[in-house]
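Novice: Okay, so here is my_file_29.txt, and as you'll see once you scroll down, it has compact mmCIF, C-alpha atoms (C1' of nucleotides).
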# COMPACT_ATOMS: atom_id res chain seq x y z
CA MET A 12 31.15 -120.36 -176.25
CA GLN A 13 32.10 -118.21 -179.21
CA ASN A 14 29.49 -115.60 -180.01
CA CYS A 15 28.28 -116.42 -183.51
CA TYR A 16 27.14 -112.82 -183.97
CA ALA A 17 30.64 -111.41 -183.43
CA ILE A 18 31.49 -108.36 -185.49
CA ASN A 19 33.43 -108.85 -188.69
CA VAL A 20 35.36 -105.60 -188.99
CA GLU A 21 36.65 -106.24 -192.48
CA ASN A 22 33.24 -107.01 -193.95
CA SER A 23 31.61 -104.10 -192.18
CA ILE A 24 34.11 -101.52 -193.40
CA ASN A 25 34.27 -103.03 -196.87
CA SER A 26 30.59 -102.81 -197.63
CA GLY A 27 30.19 -99.38 -199.18
CA GLN A 28 29.14 -97.57 -196.03
CA VAL A 29 32.34 -95.71 -195.21
CA PHE A 30 35.17 -94.32 -197.30
CA LEU A 31 37.81 -92.63 -195.14
CA TRP A 32 39.35 -95.85 -193.84
CA GLU A 33 42.82 -97.36 -194.19
CA LYS A 34 44.19 -100.66 -193.13
CA ASP A 35 47.65 -100.66 -191.60
CA GLY A 36 48.89 -104.06 -190.50
CA ASP A 37 46.27 -105.61 -188.27
CA ASN A 38 44.44 -102.37 -187.61
CA TRP A 39 41.88 -100.28 -189.41
CA TYR A 40 42.03 -96.50 -189.00
CA GLY A 41 39.14 -94.28 -189.96
CA ILE A 42 37.91 -90.71 -189.82
CA ASN A 43 34.54 -90.27 -188.18
CA GLY A 44 33.68 -86.58 -188.01
CA GLN A 45 35.89 -84.92 -185.40
CA ASP A 46 37.21 -88.25 -184.18
CA ILE A 47 39.52 -90.97 -185.41
CA LEU A 48 38.89 -94.62 -184.76
CA LYS A 49 41.41 -97.42 -184.55
CA ILE A 50 39.96 -100.88 -184.71
CA ASN A 51 41.83 -104.12 -184.30
CA ASN A 52 40.87 -107.52 -185.66
CA SER A 53 38.58 -108.38 -182.80
CA GLY A 54 36.62 -105.15 -183.13
CA LYS A 55 38.18 -103.38 -180.18
CA ILE A 56 38.03 -99.63 -180.73
CA LYS A 57 40.44 -96.96 -179.59
CA THR A 58 39.49 -93.38 -180.34
CA TYR A 59 41.47 -90.18 -180.75
CA ARG A 60 39.09 -88.30 -178.46
CA ASN A 61 38.96 -91.13 -175.96
CA ILE A 62 35.21 -91.14 -175.92
CA LYS A 63 32.75 -93.97 -176.18
CA THR A 64 31.42 -94.56 -179.64
CA ASN A 65 28.46 -96.49 -180.92
CA PHE A 66 30.13 -97.04 -184.29
CA PHE A 67 29.30 -100.75 -184.44
CA ARG A 68 25.79 -100.35 -183.03
CA LYS A 69 26.55 -102.92 -180.36
CA LYS A 70 23.14 -102.45 -178.83
CA ASP A 71 21.44 -103.86 -181.91
CA ASP A 72 20.01 -107.28 -181.17
CA LEU A 73 21.55 -109.13 -184.10
CA GLU A 74 19.86 -112.40 -183.31
CA LYS A 75 16.48 -110.71 -183.50
CA ILE A 76 17.41 -108.65 -186.56
CA ILE A 77 18.73 -111.60 -188.54
CA LYS A 78 15.67 -113.65 -187.68
CA SER A 79 13.51 -110.76 -188.78
CA ILE A 80 15.15 -110.13 -192.17
CA SER A 81 15.69 -113.78 -193.12
CA LYS A 82 12.52 -113.96 -195.18
CA ASP A 83 13.83 -115.77 -198.26
CA LYS A 84 16.67 -117.95 -199.45
CA THR A 85 18.65 -115.12 -201.05
CA THR A 86 18.80 -113.14 -197.84
CA LYS A 87 19.49 -116.20 -195.72
CA ASP A 88 22.46 -117.08 -197.93
CA ALA A 89 23.82 -113.52 -197.87
CA VAL A 90 23.51 -113.35 -194.09
CA LYS A 91 25.23 -116.68 -193.70
CA ARG A 92 28.06 -115.69 -196.02
CA TYR A 93 28.73 -112.34 -194.38
CA LEU A 94 27.77 -113.00 -190.79
CA GLY A 95 29.31 -110.26 -188.69
CA LEU A 96 28.59 -107.52 -191.21
CA ARG A 97 27.15 -104.56 -189.32
CA ILE A 98 25.43 -101.35 -190.13
CA LEU A 99 27.79 -98.65 -188.87
CA GLU A 100 26.67 -95.52 -187.10
CA GLN A 101 28.61 -92.66 -188.62
CA ASP A 102 29.02 -88.99 -187.93
CA PRO A 103 25.94 -87.53 -189.69
CA PHE A 104 27.59 -84.53 -191.34
CA GLN A 105 30.42 -86.57 -192.78
CA CYS A 106 27.92 -89.18 -193.89
CA LEU A 107 25.77 -86.55 -195.61
CA ILE A 108 28.68 -85.04 -197.52
CA SER A 109 30.05 -88.50 -198.35
CA PHE A 110 26.85 -89.60 -200.02
CA ILE A 111 26.31 -86.30 -201.81
CA VAL A 112 29.78 -86.91 -203.25
CA SER A 113 28.84 -90.52 -204.01
CA ALA A 114 26.12 -89.60 -206.48
CA ASN A 115 27.06 -90.63 -209.99
CA SER A 116 30.41 -91.93 -208.76
CA ASN A 117 32.15 -95.04 -207.51
CA ILE A 118 33.87 -96.14 -204.33
CA GLN A 119 37.46 -95.38 -205.38
CA LYS A 120 36.60 -91.93 -206.66
CA ILE A 121 34.42 -91.10 -203.66
CA LYS A 122 37.27 -92.06 -201.37
CA SER A 123 39.77 -89.95 -203.26
CA SER A 124 37.48 -86.91 -203.25
CA LEU A 125 36.72 -87.21 -199.54
CA GLU A 126 40.42 -87.54 -198.72
CA LYS A 127 41.09 -84.34 -200.59
CA ILE A 128 38.23 -82.61 -198.79
CA SER A 129 39.57 -83.69 -195.40
CA LYS A 130 43.12 -82.73 -196.26
CA ARG A 131 42.17 -79.32 -197.62
CA PHE A 132 39.53 -78.30 -195.09
CA GLY A 133 39.97 -80.54 -192.06
CA THR A 134 42.26 -80.21 -189.03
CA ARG A 135 45.51 -82.13 -189.07
CA VAL A 136 46.04 -84.30 -186.01
CA GLU A 137 48.37 -87.02 -184.85
CA PHE A 138 47.09 -90.25 -183.42
CA GLN A 139 49.11 -93.36 -182.68
CA SER A 140 52.14 -91.65 -184.32
CA LYS A 141 50.23 -91.33 -187.57
CA GLU A 142 48.96 -88.25 -189.35
CA PHE A 143 45.25 -87.76 -189.99
CA PHE A 144 42.93 -85.03 -191.15
CA LEU A 145 39.61 -84.79 -189.35
CA PHE A 146 36.51 -84.29 -191.45
CA PRO A 147 35.85 -80.55 -191.89
CA LYS A 148 33.17 -78.93 -189.77
CA PRO A 149 30.08 -77.52 -191.51
CA GLU A 150 31.19 -73.89 -191.23
CA LYS A 151 34.44 -74.64 -192.99
CA LEU A 152 32.71 -76.11 -196.05
CA ALA A 153 29.90 -73.55 -195.95
CA ARG A 154 32.46 -70.75 -196.23
CA ALA A 155 34.72 -72.39 -198.78
CA SER A 156 34.64 -71.15 -202.36
CA ILE A 157 33.11 -73.33 -205.04
CA ASN A 158 36.39 -73.46 -206.93
CA GLU A 159 38.27 -74.56 -203.86
CA ILE A 160 35.79 -77.37 -203.30
CA LYS A 161 36.01 -78.31 -206.96
CA ARG A 162 39.73 -78.84 -206.58
CA CYS A 163 38.81 -81.92 -204.57
CA GLY A 164 37.54 -83.55 -207.77
CA VAL A 165 33.84 -83.34 -206.99
CA GLY A 166 32.80 -81.41 -210.09
CA TYR A 167 29.22 -80.16 -210.16
CA ARG A 168 28.65 -81.56 -206.67
CA ALA A 169 30.71 -78.68 -205.20
CA GLN A 170 27.68 -76.39 -205.01
CA TYR A 171 25.63 -79.11 -203.32
CA ILE A 172 28.37 -79.60 -200.72
CA LYS A 173 28.56 -75.91 -199.92
CA ASP A 174 24.78 -75.52 -199.74
CA ALA A 175 24.34 -78.66 -197.64
CA ALA A 176 27.02 -77.50 -195.21
CA ASN A 177 25.29 -74.16 -194.97
CA MET A 178 21.95 -75.77 -194.14
CA VAL A 179 23.59 -77.69 -191.32
CA LEU A 180 25.39 -74.58 -190.12
CA LEU A 181 22.13 -72.61 -190.06
CA LYS A 182 20.36 -75.48 -188.28
CA LYS A 183 17.90 -75.86 -191.11
CA ILE A 184 19.05 -79.44 -190.80
CA ASP A 185 19.37 -80.60 -187.20
CA PHE A 186 20.74 -84.12 -187.01
CA GLU A 187 19.97 -84.62 -183.33
CA TYR A 188 16.34 -83.77 -184.01
CA LEU A 189 16.22 -86.00 -187.10
CA LYS A 190 17.55 -88.91 -185.06
CA LYS A 191 14.42 -88.72 -182.93
CA CYS A 192 12.02 -88.37 -185.87
CA LYS A 193 10.22 -91.15 -187.64
CA TYR A 194 11.69 -92.38 -190.91
CA HIS A 195 9.30 -90.57 -193.27
CA VAL A 196 9.53 -87.25 -191.44
CA ALA A 197 13.32 -87.34 -191.39
CA LYS A 198 13.46 -88.39 -195.01
CA GLU A 199 11.24 -85.58 -196.21
CA LYS A 200 13.39 -83.08 -194.37
CA ILE A 201 16.68 -84.43 -195.61
CA CYS A 202 15.50 -84.59 -199.22
CA GLN A 203 15.25 -80.79 -199.13
CA ILE A 204 19.03 -80.61 -199.18
CA PRO A 205 20.34 -79.98 -202.71
CA GLY A 206 22.08 -83.05 -204.12
CA VAL A 207 20.05 -85.34 -201.87
CA GLY A 208 17.50 -87.54 -203.60
CA ASN A 209 15.89 -90.75 -202.44
CA LYS A 210 18.99 -92.91 -202.56
CA VAL A 211 21.38 -90.50 -200.87
CA ALA A 212 18.75 -89.71 -198.25
CA ASP A 213 18.28 -93.38 -197.42
CA CYS A 214 22.04 -93.85 -197.03
CA VAL A 215 22.27 -90.96 -194.59
CA LEU A 216 19.22 -92.18 -192.68
CA LEU A 217 20.48 -95.74 -192.43
CA PHE A 218 24.16 -95.06 -191.80
CA SER A 219 23.95 -92.11 -189.43
CA LEU A 220 20.42 -91.40 -188.23
CA ASN A 221 19.29 -94.74 -186.85
CA LYS A 222 16.62 -95.44 -189.43
CA LEU A 223 16.99 -99.17 -189.93
CA GLU A 224 14.01 -99.40 -192.28
CA ALA A 225 15.83 -97.20 -194.82
CA PHE A 226 16.74 -99.28 -197.86
CA PRO A 227 18.92 -97.34 -200.33
CA LEU A 228 18.11 -98.32 -203.90
CA ASP A 229 21.12 -97.72 -206.11
CA ARG A 230 21.83 -99.39 -209.44
CA TRP A 231 23.17 -102.45 -207.68
CA MET A 232 20.14 -102.93 -205.51
CA ILE A 233 17.83 -102.49 -208.50
CA ARG A 234 19.81 -105.20 -210.29
CA ILE A 235 19.52 -107.42 -207.23
CA LEU A 236 15.76 -106.91 -207.10
CA GLU A 237 15.48 -107.74 -210.79
CA ARG A 238 17.61 -110.85 -210.42
CA TYR A 239 16.37 -112.38 -207.17
CA TYR A 240 13.08 -110.69 -206.43
CA SER A 241 11.40 -110.26 -209.78
CA ASN A 242 8.21 -111.81 -208.40
CA GLU A 243 8.09 -109.81 -205.20
CA PHE A 244 9.09 -106.32 -206.38
CA LYS A 245 8.16 -105.86 -209.97
CA LEU A 246 9.50 -102.63 -211.49
CA GLU A 247 6.80 -100.72 -213.35
CA THR A 248 8.98 -98.23 -215.21
CA LYS A 249 12.38 -98.20 -216.84
CA THR A 250 13.76 -95.42 -214.68
CA ILE A 251 13.16 -95.33 -210.96
CA THR A 252 11.03 -92.26 -210.51
CA GLU A 253 10.22 -90.77 -207.13
CA LYS A 254 6.87 -92.52 -207.12
CA GLN A 255 8.32 -95.88 -208.11
CA TYR A 256 11.01 -95.58 -205.45
CA ASN A 257 8.37 -95.08 -202.77
CA ILE A 258 6.22 -97.95 -204.02
CA ILE A 259 9.19 -100.31 -204.01
CA HIS A 260 10.30 -99.17 -200.59
CA GLU A 261 6.82 -99.82 -199.22
CA LYS A 262 6.88 -103.36 -200.61
CA ILE A 263 10.38 -103.91 -199.28
CA VAL A 264 9.46 -102.95 -195.74
CA ASN A 265 6.42 -105.21 -195.98
CA HIS A 266 8.68 -108.06 -197.01
CA PHE A 267 11.79 -107.56 -194.86
CA GLY A 268 10.26 -105.74 -191.90
CA PRO A 269 11.56 -102.87 -189.76
CA PHE A 270 15.24 -103.85 -190.13
CA ALA A 271 15.14 -103.91 -193.94
CA GLY A 272 18.30 -101.78 -194.05
CA TYR A 273 20.31 -104.68 -192.67
CA ALA A 274 18.97 -106.92 -195.42
CA GLN A 275 20.03 -104.34 -197.99
CA GLN A 276 23.57 -104.29 -196.61
CA PHE A 277 23.95 -108.08 -196.75
CA LEU A 278 22.52 -108.26 -200.28
CA PHE A 279 24.66 -105.38 -201.54
CA LYS A 280 27.80 -106.94 -200.07
CA MET A 281 26.97 -110.31 -201.58
CA GLU A 282 26.32 -109.09 -205.10
CA ARG A 283 29.36 -106.82 -205.24
CA GLU A 284 31.50 -109.73 -204.09
CA ASN A 285 29.88 -111.93 -206.74
CA TYR A 286 31.06 -109.43 -209.33
CA LYS A 287 34.46 -109.11 -207.61
CA LYS A 288 34.05 -105.38 -207.24
CA LYS A 289 36.82 -103.59 -205.34
CA TRP A 290 36.28 -102.01 -201.95
CA LEU A 291 38.54 -99.56 -200.12
C1' DC B 18 3.00 -88.40 -214.07
C1' DC B 19 7.25 -90.18 -216.96
C1' DA B 20 11.41 -89.92 -220.21
C1' DA B 21 15.52 -88.02 -221.64
C1' DG B 22 19.61 -85.47 -221.36
C1' DG B 23 23.28 -83.06 -218.91
C1' DC B 24 26.36 -82.76 -215.18
C1' DC B 25 31.90 -84.59 -213.89
C1' DT B 26 35.81 -87.55 -213.15
C1' DG B 27 38.84 -91.44 -213.35
C1' DA B 28 39.33 -96.13 -214.64
C1' DA B 29 38.84 -99.48 -218.12
C1' DT B 30 38.83 -100.68 -222.74
C1' DG B 31 39.77 -100.18 -227.72
C1' DA C 30 49.65 -92.75 -227.31
C1' DC C 31 45.37 -91.41 -227.76
C1' DA C 32 40.26 -91.72 -228.08
C1' DT C 33 36.11 -93.74 -226.55
C1' DT C 34 33.17 -95.99 -223.23
C1' DC C 35 31.52 -96.72 -218.85
C1' DA C 36 29.88 -96.17 -213.97
C1' DG C 37 27.03 -93.63 -211.17
C1' DG C 38 22.39 -90.32 -208.78
C1' DC C 39 20.27 -85.79 -209.01
C1' DC C 40 18.12 -82.04 -211.33
C1' DT C 41 15.97 -79.62 -215.17
C1' DT C 42 13.47 -79.68 -219.20
Could you take the file, read its structure, and then write that structure out as structure tokens?

Specialist:
Amino acid sequence: MQNCYAINVENSINSGQVFLWEKDGDNWYGINGQDILKINNSGKIKTYRNIKTNFFRKKDDLEKIIKSISKDKTTKDAVKRYLGLRILEQDPFQCLISFIVSANSNIQKIKSSLEKISKRFGTRVEFQSKEFFLFPKPEKLARASINEIKRCGVGYRAQYIKDAANMVLLKKIDFEYLKKCKYHVAKEKICQIPGVGNKVADCVLLFSLNKLEAFPLDRWMIRILERYYSNEFKLETKTITEKQYNIIHEKIVNHFGPFAGYAQQFLFKMERENYKKKWL
DNA sequence: CCAAGGCCTGAATG
DNA sequence: ACATTCAGGCCTT
């Protein structure tokens, strides 16, 4: 029998989680830190480094997760429409820099900036007779000049990128440790990085540090809450202050449970598709 | 505690 | 052709 929880590669990649991906024929190619992934239609992965990867989080019990997050009609519909959409487990450093770059930007521009960063600072490699640039290591970005980083089109975020890379280099941020920490502990730590506020932190936690209760609240998610959940999560202020963000997150985890991040991904995908927004 | 303004770029619109 | 508007999250005031 066909597994009804089979991975949908297209939906998973085109859901705002990753940026350095290209489709060529039937295959998707993507940069993930110091590795390159090739994924065919059925979700079979081949990697440049020939190592096992947990990119699709295959150990997640999707049946359990979907049961757990399906608390209302909106979520049930989104899950049904985009069944096979997965949270991806990315290289943490690349994920951190990606979402620092994402602040005050949009998918196309984020992608273009990250490509320039990889091309300028990353190692060129060949894989499957194609040329790729790996994502730069922390030391490379930590030692780059601000102007050189700015040439990648990141503007005022250049300083954040350099400082963030330096914190990783100096082990002030230790991803392996943060993976083992509880959500709130890891979040507090990661919010100390310049250019990382609540939203960026939640993206990094959800997409690279195994914190499935993280629920990034960007403008789209706020709109979704206003539209479909105005009774459940009433917004007290016009702007989402730190305090408001935490209050909403608390209510969200109470509603959706420990896998709230999955609910966020389905809802985000649904609403962006409703508005016919472009992906990669 | 909250509100407002600035930061930066590229695409979309006029 | 050119100018204006818009999208977007963090930080400082």

Novice: Report, in Å with one decimal, the straight-line distance from atom CA of Leu291 of chain A to atom CA of Lys161 of chain A.

Specialist: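 Distance reported for this atom pair: 22.5 Å.
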
Novice: Would you list which chain C residues are within 12 Å of chain A using all atoms listed in the file, as a list in words?

Specialist: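 Per the criterion, chain C yields DC35, DA36, DG37, DG38, DC39 and DC40 of chain C.
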
Novice: Would you please work out which residue, of A:Val165, A:Leu220, A:Leu73, A:Ala212, is nearest to chain B when using only C-alpha atoms (C1' of nucleotides)?

Specialist: A:Val165

Novice: At a cut-off of 8 Å, list the chain A residues touching chain B, using all atoms listed in the file, as a PyMOL selection string.

Specialist: chain A and resi 120+164-167+252

Novice: Mind dumping the selected residues with C-alpha atoms as an mmCIF file, in the coordinates of the input?

Specialist:
data_model
loop_
_atom_site.group_PDB
_atom_site.id
_atom_site.type_symbol
_atom_site.label_atom_id
_atom_site.label_comp_id
_atom_site.auth_asym_id
_atom_site.auth_seq_id
_atom_site.Cartn_x
_atom_site.Cartn_y
_atom_site.Cartn_z
ATOM 1 C CA LYS A 120 36.600 -91.930 -206.660
ATOM 2 C CA GLY A 164 37.540 -83.550 -207.770
ATOM 3 C CA VAL A 165 33.840 -83.340 -206.990
ATOM 4 C CA GLY A 166 32.800 -81.410 -210.090
ATOM 5 C CA TYR A 167 29.220 -80.160 -210.160
ATOM 6 C CA THR A 252 11.030 -92.260 -210.510
#

Novice: Atom CA of Ile263 of chain A to atom CA of Gln101 of chain A: how many Å, to one decimal?

Specialist: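 Atom CA of Gln101 of chain A lies 23.9 Å from atom CA of Ile263 of chain A.
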
Novice: Between atom CA of Tyr188 of chain A and atom CA of Tyr171 of chain A, what is the distance in Å, rounded to a tenth?

Specialist: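 Distance reported for this atom pair: 21.9 Å.
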
Novice: Please identify all polymer residues within 7 Å of segment 37-40 of chain A, counting all atoms listed in the file, omitting same-chain residues fewer than 4 positions from it, and present them as a list in words.

Specialist: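 So, after excluding close chain neighbours, the residues are Trp32, Glu33, Leu48, Lys49, Ile50, Asn51 and Asn52 of chain A.
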
Novice: Write out, as an mmCIF file, in the coordinates of the input, the residues just selected, with C-alpha atoms.

Specialist:
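Final output, saved to part.cif:
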data_model
loop_
_atom_site.group_PDB
_atom_site.id
_atom_site.type_symbol
_atom_site.label_atom_id
_atom_site.label_comp_id
_atom_site.auth_asym_id
_atom_site.auth_seq_id
_atom_site.Cartn_x
_atom_site.Cartn_y
_atom_site.Cartn_z
ATOM 1 C CA TRP A 32 39.350 -95.850 -193.840
ATOM 2 C CA GLU A 33 42.820 -97.360 -194.190
ATOM 3 C CA LEU A 48 38.890 -94.620 -184.760
ATOM 4 C CA LYS A 49 41.410 -97.420 -184.550
ATOM 5 C CA ILE A 50 39.960 -100.880 -184.710
ATOM 6 C CA ASN A 51 41.830 -104.120 -184.300
ATOM 7 C CA ASN A 52 40.870 -107.520 -185.660
#
